[in-house]
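Next comes coords03.json, a file with JSON, C-alpha atoms and all ligand atoms.
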```
[["chain", "number", "residue", "atom", "x", "y", "z"],
["W", 739, "MET", "CA", 0.00, 0.00, 0.00],
["W", 740, "ASP", "CA", 3.06, 2.19, -0.37],
["W", 741, "THR", "CA", 3.05, 3.48, 3.20],
["W", 742, "TYR", "CA", 4.13, 2.83, 6.78],
["W", 743, "MET", "CA", 2.01, 1.00, 9.30],
["W", 744, "ASP", "CA", 2.39, 0.82, 13.05],
["W", 745, "ILE", "CA", 0.57, -1.64, 15.27],
["W", 746, "GLN", "CA", 0.39, -1.56, 19.07],
["W", 747, "ILE", "CA", -1.57, -4.23, 20.90],
["W", 748, "TRP", "CA", -2.00, -4.70, 24.65],
["W", 749, "GLY", "CA", -3.06, -8.07, 26.05],
["W", 750, "GLU", "CA", -2.15, -11.71, 26.42],
["W", 751, "ASP", "CA", -2.57, -12.50, 22.71],
["W", 752, "GLY", "CA", -0.80, -9.34, 21.51],
["W", 753, "GLU", "CA", 2.00, -11.09, 19.59],
["W", 754, "ILE", "CA", -0.21, -13.57, 17.80],
["W", 755, "ALA", "CA", -2.80, -10.89, 17.00],
["W", 756, "ALA", "CA", -0.09, -8.65, 15.51],
["W", 757, "SER", "CA", 1.20, -11.50, 13.40],
["W", 758, "GLN", "CA", -2.29, -12.36, 12.13],
["W", 759, "ILE", "CA", -3.01, -8.73, 11.32],
["W", 760, "GLY", "CA", 0.31, -8.62, 9.45],
["W", 761, "ASP", "CA", -0.74, -11.63, 7.37],
["W", 762, "MET", "CA", -4.13, -10.08, 6.68],
["W", 763, "LEU", "CA", -2.53, -6.80, 5.57],
["W", 764, "ARG", "CA", -0.12, -8.60, 3.24],
["W", 765, "GLN", "CA", -3.04, -10.51, 1.71],
["W", 766, "LEU", "CA", -5.03, -7.29, 1.14],
["W", 767, "GLU", "CA", -1.95, -5.75, -0.46],
["W", 768, "LYS", "CA", -1.58, -8.76, -2.72],
["W", 769, "ASP", "CA", -5.24, -8.79, -3.79],
["W", 770, "TRP", "CA", -5.93, -5.07, -4.18],
["W", 771, "SER", "CA", -2.62, -3.30, -4.69],
["W", 772, "ALA", "CA", -2.48, -0.66, -7.39],
["W", 773, "THR", "CA", 0.50, -2.38, -8.99],
["W", 774, "GLN", "CA", -1.90, -4.86, -10.54],
["W", 775, "GLY", "CA", -0.16, -7.85, -12.12],
["W", 776, "ASN", "CA", -1.88, -11.06, -11.24],
["W", 777, "SER", "CA", -3.79, -9.59, -8.30],
["W", 778, "VAL", "CA", -7.56, -9.82, -7.94],
["W", 779, "ILE", "CA", -7.90, -6.17, -8.92],
["W", 780, "GLY", "CA", -5.49, -6.57, -11.84],
["W", 781, "ARG", "CA", -7.54, -9.41, -13.24],
["W", 782, "LEU", "CA", -10.80, -7.53, -12.70],
["W", 783, "ASN", "CA", -9.33, -4.60, -14.60],
["W", 784, "ARG", "CA", -8.33, -6.82, -17.49],
["W", 785, "GLY", "CA", -11.92, -8.00, -17.68],
["W", 786, "GLU", "CA", -11.06, -11.55, -16.64],
["W", 787, "ASP", "CA", -13.60, -13.76, -14.96],
["W", 788, "VAL", "CA", -12.44, -13.76, -11.35],
["W", 789, "GLU", "CA", -13.85, -16.08, -8.76],
["W", 790, "LEU", "CA", -14.15, -13.84, -5.73],
["W", 791, "THR", "CA", -14.31, -14.95, -2.12],
["W", 792, "ALA", "CA", -17.35, -13.83, -0.14],
["W", 793, "GLN", "CA", -15.18, -11.20, 1.55],
["W", 794, "GLN", "CA", -13.88, -9.85, -1.75],
["W", 795, "GLN", "CA", -17.42, -9.63, -3.12],
["W", 796, "GLU", "CA", -18.47, -7.78, -0.01],
["W", 797, "LEU", "CA", -15.60, -5.32, -0.41],
["W", 798, "LEU", "CA", -16.54, -4.57, -4.03],
["W", 799, "GLN", "CA", -20.22, -4.25, -3.15],
["W", 800, "LYS", "CA", -19.45, -1.88, -0.34],
["W", 801, "ALA", "CA", -17.27, 0.24, -2.63],
["W", 802, "LYS", "CA", -20.15, 0.48, -5.08],
["W", 803, "ALA", "CA", -22.58, 1.32, -2.28],
["W", 804, "MET", "CA", -20.29, 4.12, -1.05],
["W", 805, "ALA", "CA", -20.05, 5.50, -4.59],
["W", 806, "GLU", "CA", -23.82, 5.63, -4.72],
["W", 807, "ARG", "CA", -24.21, 7.07, -1.22],
["W", 808, "THR", "CA", -21.79, 9.91, -2.00],
["W", 809, "GLY", "CA", -23.33, 10.72, -5.38],
["W", 810, "GLY", "CA", -20.15, 9.58, -7.10],
["W", 811, "ALA", "CA", -17.75, 11.79, -5.10],
["W", 812, "PHE", "CA", -16.13, 8.55, -3.95],
["W", 813, "ASP", "CA", -15.42, 6.69, -7.18],
["W", 814, "PRO", "CA", -13.45, 3.42, -6.87],
["W", 815, "GLN", "CA", -12.91, 3.25, -10.63],
["W", 816, "LEU", "CA", -10.55, 6.14, -11.21],
["W", 817, "ARG", "CA", -7.37, 4.14, -11.65],
["W", 818, "SER", "CA", -6.72, 5.30, -15.23],
["W", 819, "VAL", "CA", -7.17, 8.91, -14.15],
["W", 820, "SER", "CA", -4.65, 8.59, -11.29],
["W", 821, "LEU", "CA", -2.30, 6.81, -13.69],
["W", 822, "ALA", "CA", -2.59, 9.59, -16.29],
["W", 823, "TRP", "CA", -1.50, 12.12, -13.64],
["W", 824, "GLY", "CA", 1.38, 9.87, -12.65],
["W", 825, "PHE", "CA", 0.17, 9.31, -9.10],
["W", 826, "LEU", "CA", 0.49, 5.56, -9.28],
["W", 827, "ASN", "CA", 4.08, 5.46, -10.53],
["W", 828, "LYS", "CA", 5.34, 8.88, -9.37],
["W", 829, "ALA", "CA", 5.82, 9.99, -13.00],
["W", 830, "TYR", "CA", 3.89, 13.20, -12.41],
["W", 831, "GLU", "CA", 2.54, 15.17, -15.35],
["W", 832, "ILE", "CA", -0.51, 17.22, -16.28],
["W", 833, "PRO", "CA", -2.42, 15.17, -18.84],
["W", 834, "ASP", "CA", -4.17, 16.86, -21.76],
["W", 835, "ALA", "CA", -7.97, 17.03, -21.84],
["W", 836, "LYS", "CA", -8.31, 14.14, -24.27],
["W", 837, "THR", "CA", -6.22, 11.82, -22.11],
["W", 838, "ILE", "CA", -8.33, 12.72, -19.05],
["W", 839, "GLU", "CA", -11.57, 12.12, -20.92],
["W", 840, "LYS", "CA", -10.38, 8.71, -22.08],
["W", 841, "ALA", "CA", -9.13, 7.80, -18.60],
["W", 842, "LEU", "CA", -12.49, 8.72, -17.02],
["W", 843, "TRP", "CA", -14.24, 6.54, -19.55],
["W", 844, "GLU", "CA", -12.00, 3.51, -18.91],
["W", 845, "LYS", "CA", -13.36, 2.83, -15.40],
["W", 846, "GLN", "CA", -10.55, 0.77, -13.90],
["W", 847, "TRP", "CA", -10.85, -0.30, -10.28],
["W", 848, "ASP", "CA", -8.68, 1.40, -7.64],
["W", 849, "MET", "CA", -9.37, 0.74, -3.97],
["W", 850, "GLY", "CA", -6.73, 3.22, -2.79],
["W", 851, "ALA", "CA", -9.28, 5.46, -1.08],
["W", 852, "ALA", "CA", -10.90, 2.71, 0.96],
["W", 853, "ILE", "CA", -8.56, -0.24, 1.43],
["W", 854, "LYS", "CA", -6.67, 1.08, 4.46],
["W", 855, "GLY", "CA", -9.95, 1.75, 6.22],
["W", 856, "TYR", "CA", -11.12, -1.71, 5.28],
["W", 857, "ALA", "CA", -7.84, -3.05, 6.70],
["W", 858, "GLY", "CA", -8.68, -1.25, 9.95],
["W", 859, "GLN", "CA", -12.03, -2.93, 10.29],
["W", 860, "GLN", "CA", -10.54, -6.31, 9.33],
["W", 861, "SER", "CA", -7.99, -5.78, 12.10],
["W", 862, "VAL", "CA", -10.87, -5.26, 14.52],
["W", 863, "SER", "CA", -12.35, -8.60, 13.39],
["W", 864, "VAL", "CA", -9.03, -10.31, 14.17],
["W", 865, "LEU", "CA", -8.73, -8.59, 17.57],
["W", 866, "ASP", "CA", -12.28, -9.60, 18.46],
["W", 867, "THR", "CA", -11.25, -13.26, 18.38],
["W", 868, "MET", "CA", -8.25, -12.75, 20.72],
["W", 869, "ARG", "CA", -7.48, -12.09, 24.34],
["W", 870, "VAL", "CA", -6.63, -8.46, 23.75],
["W", 871, "ASP", "CA", -7.37, -5.48, 26.00],
["W", 872, "ARG", "CA", -6.84, -2.66, 23.56],
["W", 873, "ALA", "CA", -4.98, -1.70, 20.43],
["W", 874, "LEU", "CA", -3.90, 1.35, 18.47],
["W", 875, "LEU", "CA", -3.14, 0.93, 14.79],
["W", 876, "ASN", "CA", -1.76, 3.52, 12.43],
["W", 877, "LEU", "CA", -2.31, 2.18, 8.95],
["W", 878, "GLY", "CA", -0.63, 4.79, 6.78],
["W", 879, "GLY", "CA", -2.36, 7.74, 8.42],
["W", 880, "ASN", "CA", -5.59, 5.87, 9.01],
["W", 881, "VAL", "CA", -5.92, 5.42, 12.75],
["W", 882, "GLN", "CA", -7.87, 2.49, 14.16],
["W", 883, "THR", "CA", -8.54, 2.36, 17.88],
["W", 884, "TYR", "CA", -9.68, -0.80, 19.62],
["W", 885, "GLY", "CA", -11.13, -1.06, 23.11],
["W", 886, "SER", "CA", -10.53, 1.50, 25.82],
["W", 887, "LYS", "CA", -7.41, 2.91, 27.39],
["W", 888, "ALA", "CA", -6.35, 1.41, 30.73],
["W", 889, "ASP", "CA", -7.14, 4.59, 32.67],
["W", 890, "GLY", "CA", -10.57, 4.90, 31.07],
["W", 891, "THR", "CA", -9.84, 8.20, 29.36],
["W", 892, "PRO", "CA", -10.69, 8.52, 25.64],
["W", 893, "TRP", "CA", -8.11, 8.01, 22.91],
["W", 894, "SER", "CA", -6.54, 11.27, 21.73],
["W", 895, "ILE", "CA", -5.80, 11.36, 18.03],
["W", 896, "GLY", "CA", -3.87, 14.29, 16.57],
["W", 897, "ILE", "CA", -5.11, 16.00, 13.42],
["W", 898, "GLN", "CA", -2.15, 16.90, 11.25],
["W", 899, "ASN", "CA", -1.51, 20.44, 10.16],
["W", 900, "PRO", "CA", -1.85, 20.22, 6.35],
["W", 901, "ARG", "CA", 0.89, 22.84, 5.98],
["W", 902, "GLY", "CA", 3.27, 21.76, 8.73],
["W", 903, "ALA", "CA", 4.72, 18.85, 10.64],
["W", 904, "ASP", "CA", 2.71, 19.60, 13.80],
["W", 905, "TYR", "CA", -0.87, 18.91, 14.84],
["W", 906, "VAL", "CA", -3.62, 21.52, 14.66],
["W", 907, "GLY", "CA", -5.71, 19.81, 17.33],
["W", 908, "VAL", "CA", -6.84, 16.56, 18.83],
["W", 909, "VAL", "CA", -10.00, 14.49, 18.55],
["W", 910, "SER", "CA", -11.15, 12.45, 21.55],
["W", 911, "VAL", "CA", -12.55, 9.07, 20.67],
["W", 912, "GLU", "CA", -14.23, 6.52, 22.93],
["W", 913, "GLY", "CA", -13.68, 2.82, 22.29],
["W", 914, "THR", "CA", -13.29, 1.24, 18.87],
["W", 915, "ALA", "CA", -13.29, 3.63, 15.92],
["W", 916, "SER", "CA", -11.57, 4.65, 12.69],
["W", 917, "ILE", "CA", -10.11, 8.13, 12.34],
["W", 918, "VAL", "CA", -9.18, 8.76, 8.73],
["W", 919, "THR", "CA", -7.77, 11.87, 7.06],
["W", 920, "SER", "CA", -7.67, 12.71, 3.36],
["W", 921, "GLY", "CA", -5.60, 15.71, 2.42],
["W", 922, "ASP", "CA", -3.94, 17.58, -0.41],
["W", 923, "TYR", "CA", -0.56, 17.22, 1.30],
["W", 924, "GLN", "CA", -0.18, 13.44, 1.33],
["W", 925, "ARG", "CA", 0.74, 12.99, -2.32],
["W", 926, "TYR", "CA", 1.18, 15.88, -4.72],
["W", 927, "PHE", "CA", 3.43, 17.65, -7.16],
["W", 928, "GLU", "CA", 3.78, 21.31, -8.01],
["W", 929, "GLN", "CA", 4.04, 22.94, -11.40],
["W", 930, "ASP", "CA", 4.14, 26.69, -12.06],
["W", 931, "GLY", "CA", 3.23, 27.32, -8.42],
["W", 932, "ILE", "CA", 0.09, 25.19, -8.57],
["W", 933, "ARG", "CA", -0.36, 22.14, -6.36],
["W", 934, "TYR", "CA", -1.74, 19.02, -8.03],
["W", 935, "HIS", "CA", -2.73, 16.42, -5.44],
["W", 936, "HIS", "CA", -3.93, 12.83, -5.58],
["W", 937, "ILE", "CA", -7.63, 13.16, -4.74],
["W", 938, "MET", "CA", -9.52, 13.38, -7.99],
["W", 939, "ASP", "CA", -12.84, 15.00, -8.73],
["W", 940, "PRO", "CA", -14.61, 12.21, -10.64],
["W", 941, "LYS", "CA", -16.64, 14.83, -12.51],
["W", 942, "THR", "CA", -13.60, 16.49, -14.07],
["W", 943, "GLY", "CA", -10.69, 14.08, -13.80],
["W", 944, "TYR", "CA", -8.66, 16.90, -12.18],
["W", 945, "PRO", "CA", -7.50, 17.10, -8.56],
["W", 946, "ALA", "CA", -10.52, 18.09, -6.47],
["W", 947, "ASP", "CA", -10.54, 21.86, -6.01],
["W", 948, "SER", "CA", -13.08, 22.24, -3.23],
["W", 949, "GLY", "CA", -11.36, 24.80, -1.03],
["W", 950, "LEU", "CA", -10.20, 22.21, 1.51],
["W", 951, "SER", "CA", -6.76, 21.03, 2.48],
["W", 952, "SER", "CA", -7.94, 18.12, 4.61],
["W", 953, "VAL", "CA", -10.95, 16.23, 5.91],
["W", 954, "THR", "CA", -10.88, 13.88, 8.88],
["W", 955, "VAL", "CA", -13.72, 11.41, 9.41],
["W", 956, "ILE", "CA", -14.45, 9.58, 12.66],
["W", 957, "CYS", "CA", -16.64, 6.51, 12.19],
["W", 958, "ARG", "CA", -17.18, 3.09, 13.77],
["W", 959, "ASP", "CA", -16.79, 1.43, 10.37],
["W", 960, "GLY", "CA", -13.29, 1.66, 8.88],
["W", 961, "MET", "CA", -14.08, 1.41, 5.19],
["W", 962, "THR", "CA", -16.91, 3.92, 5.52],
["W", 963, "ALA", "CA", -14.54, 6.32, 7.31],
["W", 964, "ASP", "CA", -11.96, 6.01, 4.54],
["W", 965, "ALA", "CA", -14.38, 6.31, 1.61],
["W", 966, "LEU", "CA", -16.11, 9.28, 3.27],
["W", 967, "SER", "CA", -12.88, 11.17, 3.99],
["W", 968, "THR", "CA", -12.11, 11.05, 0.28],
["W", 969, "ALA", "CA", -15.71, 11.85, -0.76],
["W", 970, "LEU", "CA", -16.05, 14.81, 1.64],
["W", 971, "PHE", "CA", -12.75, 16.18, 0.38],
["W", 972, "VAL", "CA", -14.21, 16.16, -3.14],
["W", 973, "MET", "CA", -17.52, 17.68, -1.98],
["W", 974, "GLY", "CA", -16.05, 20.59, -0.01],
["W", 975, "LEU", "CA", -17.34, 22.20, 3.18],
["W", 976, "GLU", "CA", -20.83, 23.22, 2.10],
["W", 977, "GLU", "CA", -21.85, 20.03, 0.35],
["W", 978, "GLY", "CA", -20.02, 17.98, 2.96],
["W", 979, "THR", "CA", -21.97, 19.69, 5.75],
["W", 980, "ALA", "CA", -25.28, 18.93, 4.03],
["W", 981, "PHE", "CA", -24.17, 15.33, 3.56],
["W", 982, "TRP", "CA", -23.29, 15.03, 7.28],
["W", 983, "ARG", "CA", -26.71, 16.42, 8.25],
["W", 984, "GLU", "CA", -28.38, 13.69, 6.21],
["W", 985, "SER", "CA", -26.19, 11.03, 7.85],
["W", 986, "SER", "CA", -25.88, 9.70, 11.38],
["W", 987, "ASP", "CA", -22.90, 7.36, 11.26],
["W", 988, "PHE", "CA", -19.88, 9.70, 11.29],
["W", 989, "GLU", "CA", -18.36, 12.97, 12.48],
["W", 990, "ALA", "CA", -15.92, 15.15, 10.57],
["W", 991, "VAL", "CA", -13.27, 17.87, 10.81],
["W", 992, "PHE", "CA", -12.73, 20.09, 7.77],
["W", 993, "ILE", "CA", -9.59, 22.20, 7.34],
["W", 994, "LEU", "CA", -9.96, 24.88, 4.67],
["W", 995, "SER", "CA", -7.13, 25.92, 2.36],
["W", 996, "ASP", "CA", -6.82, 29.16, 4.34],
["W", 997, "GLY", "CA", -6.40, 27.24, 7.60],
["W", 998, "GLN", "CA", -9.90, 27.75, 9.04],
["W", 999, "ILE", "CA", -11.21, 24.70, 10.86],
["W", 1000, "TYR", "CA", -14.80, 23.43, 11.00],
["W", 1001, "ALA", "CA", -15.87, 20.42, 13.07],
["W", 1002, "THR", "CA", -19.21, 18.66, 13.41],
["W", 1003, "GLU", "CA", -20.66, 18.88, 16.91],
["W", 1004, "GLY", "CA", -19.84, 15.27, 17.80],
["W", 1005, "ALA", "CA", -16.28, 15.25, 16.47],
["W", 1006, "GLY", "CA", -14.72, 15.74, 19.92],
["W", 1007, "LEU", "CA", -12.17, 18.24, 18.61],
["W", 1008, "SER", "CA", -10.08, 20.33, 21.03],
["W", 1009, "GLY", "CA", -6.80, 22.20, 21.19],
["W", 1010, "CYS", "CA", -7.61, 24.73, 18.48],
["W", 1011, "GLU", "CA", -10.11, 27.38, 17.45],
["W", 1012, "PHE", "CA", -12.85, 26.14, 15.19],
["W", 1013, "GLU", "CA", -16.42, 26.65, 14.01],
["W", 1014, "VAL", "CA", -18.93, 24.05, 15.18],
["W", 1015, "ILE", "CA", -21.18, 22.53, 12.52],
["W", 1016, "ARG", "CA", -24.53, 21.75, 14.14],
["W", 1017, "ARG", "CA", -27.34, 19.45, 13.10],
["W", 1018, "GLU", "CA", -29.70, 22.38, 12.69],
["W", 1019, "ASN", "CA", -28.60, 25.54, 10.99],
["B", 1, "LIG", "P1", -4.68, 8.19, 1.16],
["B", 1, "LIG", "O1", -4.81, 6.90, 0.46],
["B", 1, "LIG", "O2", -3.54, 9.03, 0.72],
["B", 1, "LIG", "O3", -4.73, 8.05, 2.64],
["B", 1, "LIG", "P2", -7.39, 8.69, 0.32],
["B", 1, "LIG", "O4", -8.05, 7.73, 1.21],
["B", 1, "LIG", "O5", -8.12, 10.00, 0.16],
["B", 1, "LIG", "O6", -5.94, 9.08, 0.76],
["B", 1, "LIG", "O7", -7.27, 8.00, -1.08],
["B", 1, "LIG", "C1", -6.69, 8.60, -2.20],
["B", 1, "LIG", "C2", -6.45, 7.56, -3.27],
["B", 1, "LIG", "O8", -7.70, 7.08, -3.77],
["B", 1, "LIG", "C3", -5.74, 8.10, -4.48],
["B", 1, "LIG", "O9", -4.34, 7.89, -4.35],
["B", 1, "LIG", "C4", -6.33, 7.29, -5.62],
["B", 1, "LIG", "O10", -5.71, 6.04, -5.70],
["B", 1, "LIG", "C5", -7.74, 7.08, -5.20],
["B", 1, "LIG", "N1", -8.69, 8.18, -5.54],
["B", 1, "LIG", "C6", -8.43, 9.45, -5.96],
["B", 1, "LIG", "N2", -9.56, 10.17, -6.06],
["B", 1, "LIG", "C7", -10.58, 9.36, -5.70],
["B", 1, "LIG", "C8", -12.00, 9.52, -5.59],
["B", 1, "LIG", "N3", -12.61, 10.67, -5.88],
["B", 1, "LIG", "N4", -12.73, 8.45, -5.18],
["B", 1, "LIG", "C9", -12.13, 7.28, -4.88],
["B", 1, "LIG", "N5", -10.81, 7.05, -4.98],
["B", 1, "LIG", "C10", -10.04, 8.08, -5.36],
["B", 2, "MG", "MG", -10.07, 7.64, 1.87]]
```
Rewrite the structure from the file as structure tokens, please.
Amino acid sequence: MDTYMDIQIWGEDGEIAASQIGDMLRQLEKDWSATQGNSVIGRLNRGEDVELTAQQQELLQKAKAMAERTGGAFDPQLRSVSLAWGFLNKAYEIPDAKTIEKALWEKQWDMGAAIKGYAGQQSVSVLDTMRVDRALLNLGGNVQTYGSKADGTPWSIGIQNPRGADYVGVVSVEGTASIVTSGDYQRYFEQDGIRYHHIMDPKTGYPADSGLSSVTVICRDGMTADALSTALFVMGLEEGTAFWRESSDFEAVFILSDGQIYATEGAGLSGCEFEVIRREN
């Protein structure tokens, strides 16, 4: 998945749980990695008949459901678009309009915006079968908490400053949850003073230009958290706020390009100044 992962587990079965989670992560990487080859996703993209396991079918179905739920802002079939911009092989370039149009039309699977969140929830499934008190997983910037801290206080998860190495604030999270951030600073290149980042607007095939520099989603379900962080980034603050008001399964923190911070009322954000987004206007 082209990133670093860090796993901390407390409890009698900690070692064995970590090793099983490691195996699970390697299998997900093998099946769904963007490098294709003979992977499940590679074969799907070549139009081959692939016999999917029940879990793999569920993953694909859920990706489709999230695309529908977000009105297409989360689109798990943008691989050709990301490739055209060089985000998959770090050969960055601005494609011409024709190339983008063709890439949008090709509809190749890419689970990059949801697979780490899915890995988080799969980790929870592993931990549920073990003698484990609590765990804290950092799966390439996707944080997965499990259980409660020994002293009973909530988990504190830092929200990264999109334009610095520090944190802008902290969200407090009780129990098991996924805390996922999508931002314009994780993967990007600059040309003529303009930043081109890796989160695409499926409507245009260009990097989403929604006035945000990051969105953090807090949700009990890992894959939902991941897909929504990407989708809300594409939607922007206004549309994202309306989407949150229609939903009841997540909270969010929006950081605007100018540094202003907005957080939904249940996000548990502290340590910075921000506007609260309430259910009712
Ligand atoms: P990251 O993977 O860096 O943590 P995201 O979860 O936001 O961040 O996923 C971004 C990745 O998802 C991109 O690198 C690309 O592979 C893919 N992608 C880009 N735009 C979209 C989109 N609108 N919907 C779904 N996937 C996308
Ligand atoms: Mg995501």
Cut-off 6 Å, all atoms listed in the file, neighbours of ligand MG 2 (chain B) as an MDAnalysis selection string: chainID W and resid 851:852 920 964:965 967:968
Residue selection dump (C-alpha atoms) as a CSV table (one decimal), in the frame of the given file:
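Output saved as result.csv:
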```
chain,number,residue,atom,x,y,z
W,851,ALA,CA,-9.3,5.5,-1.1
W,852,ALA,CA,-10.9,2.7,1.0
W,920,SER,CA,-7.7,12.7,3.4
W,964,ASP,CA,-12.0,6.0,4.5
W,965,ALA,CA,-14.4,6.3,1.6
W,967,SER,CA,-12.9,11.2,4.0
W,968,THR,CA,-12.1,11.0,0.3
```
Exercise: residues within 12 Å of coordinate (-9.5, 30.8, 10.4), counting all atoms listed in the file, as a PyMOL selection string: chain W and resi 906+992-1000+1010-1013
From W:Gln746, W:Thr914, W:Thr954, W:Gln793, residue lying nearest ligand LIG 1 (chain B) [only C-alpha atoms and all ligand atoms]: W:Thr954
Could you give me the centre and size, in Å to one decimal, of an axis-aligned box around all listed atoms of ligand LIG 1 (chain B) with 8 Å added on every side, as AutoDock Vina command-line options?
```
--center_x -8.1 --center_y 8.4 --center_z -1.7 --size_x 25.2 --size_y 20.6 --size_z 24.7
```
Neighbour list for Gly752 of chain W as an mmCIF file with C-alpha atoms, keeping the file's coordinate frame, cut-off 9 Å, all atoms listed in the file, skip fewer than 5 positions in-chain:
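Output (selection.cif):
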```
data_model
loop_
_atom_site.group_PDB
_atom_site.id
_atom_site.type_symbol
_atom_site.label_atom_id
_atom_site.label_comp_id
_atom_site.auth_asym_id
_atom_site.auth_seq_id
_atom_site.Cartn_x
_atom_site.Cartn_y
_atom_site.Cartn_z
ATOM 1 C CA GLN W 746 0.390 -1.560 19.070
ATOM 2 C CA ILE W 747 -1.570 -4.230 20.900
ATOM 3 C CA SER W 757 1.200 -11.500 13.400
ATOM 4 C CA LEU W 865 -8.730 -8.590 17.570
ATOM 5 C CA MET W 868 -8.250 -12.750 20.720
ATOM 6 C CA ARG W 869 -7.480 -12.090 24.340
ATOM 7 C CA VAL W 870 -6.630 -8.460 23.750
ATOM 8 C CA ASP W 871 -7.370 -5.480 26.000
ATOM 9 C CA ALA W 873 -4.980 -1.700 20.430
#
```
Which residues are near ligand LIG 1 (chain B) - at most 7 Å, using all atoms listed in the file? Format: as a PyMOL selection string. chain W and resi 811-814+816-817+820+825+848-852+878-880+919-921+924-925+936-940+964-965+967-969+972
Which protein, DNA or RNA residues have an atom at most 12 Å from (-3.3, -2.0, 26.3), counting only C-alpha atoms? List them as a PyMOL selection string. chain W and resi 745-752+869-875+883-890+893
Of the candidates W:Tyr934, W:Val908, W:Asp959, W:Ala801, which shows the shortest atom-to-atom distance to Val991 of chain W, using only C-alpha atoms? W:Val908
Taking the partial coordinates given, rebuild segment 826-831 of chain W to contain all heavy atoms; return it as a compact mmCIF listing (two decimals), in the frame of the given file.
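Dumped everything to out_38.txt:
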```txt
# COMPACT_ATOMS: atom_id res chain seq x y z
N LEU W 826 0.27 6.96 -9.64
CA LEU W 826 0.49 5.56 -9.28
C LEU W 826 1.94 5.12 -9.47
O LEU W 826 2.39 4.17 -8.87
CB LEU W 826 -0.45 4.64 -10.07
CG LEU W 826 -1.94 4.86 -9.80
CD1 LEU W 826 -2.80 3.90 -10.60
CD2 LEU W 826 -2.26 4.71 -8.31
N ASN W 827 2.68 5.85 -10.31
CA ASN W 827 4.08 5.46 -10.53
C ASN W 827 5.05 6.63 -10.32
O ASN W 827 6.21 6.55 -10.71
CB ASN W 827 4.26 4.88 -11.94
CG ASN W 827 3.69 5.81 -13.00
OD1 ASN W 827 3.23 6.91 -12.69
ND2 ASN W 827 3.73 5.38 -14.25
N LYS W 828 4.53 7.70 -9.69
CA LYS W 828 5.34 8.88 -9.37
C LYS W 828 6.00 9.50 -10.60
O LYS W 828 7.06 10.10 -10.53
CB LYS W 828 6.40 8.54 -8.31
CG LYS W 828 5.76 8.08 -6.99
CD LYS W 828 6.79 8.02 -5.85
CE LYS W 828 6.12 7.77 -4.51
NZ LYS W 828 5.83 6.36 -4.23
N ALA W 829 5.35 9.33 -11.77
CA ALA W 829 5.82 9.99 -13.00
C ALA W 829 4.84 11.12 -13.28
O ALA W 829 4.04 11.07 -14.20
CB ALA W 829 5.85 8.99 -14.15
N TYR W 830 4.91 12.15 -12.39
CA TYR W 830 3.89 13.20 -12.41
C TYR W 830 3.88 14.01 -13.69
O TYR W 830 4.93 14.41 -14.19
CB TYR W 830 4.12 14.16 -11.23
CG TYR W 830 4.15 13.45 -9.89
CD1 TYR W 830 5.23 13.61 -9.03
CD2 TYR W 830 3.11 12.61 -9.51
CE1 TYR W 830 5.26 12.95 -7.80
CE2 TYR W 830 3.14 11.96 -8.29
CZ TYR W 830 4.22 12.13 -7.44
OH TYR W 830 4.25 11.49 -6.24
N GLU W 831 2.70 14.24 -14.23
CA GLU W 831 2.54 15.17 -15.35
C GLU W 831 1.09 15.61 -15.44
O GLU W 831 0.19 14.92 -14.96
CB GLU W 831 2.98 14.52 -16.67
CG GLU W 831 2.15 13.32 -17.07
CD GLU W 831 2.44 12.87 -18.51
OE1 GLU W 831 2.69 13.73 -19.35
OE2 GLU W 831 2.41 11.66 -18.75
```
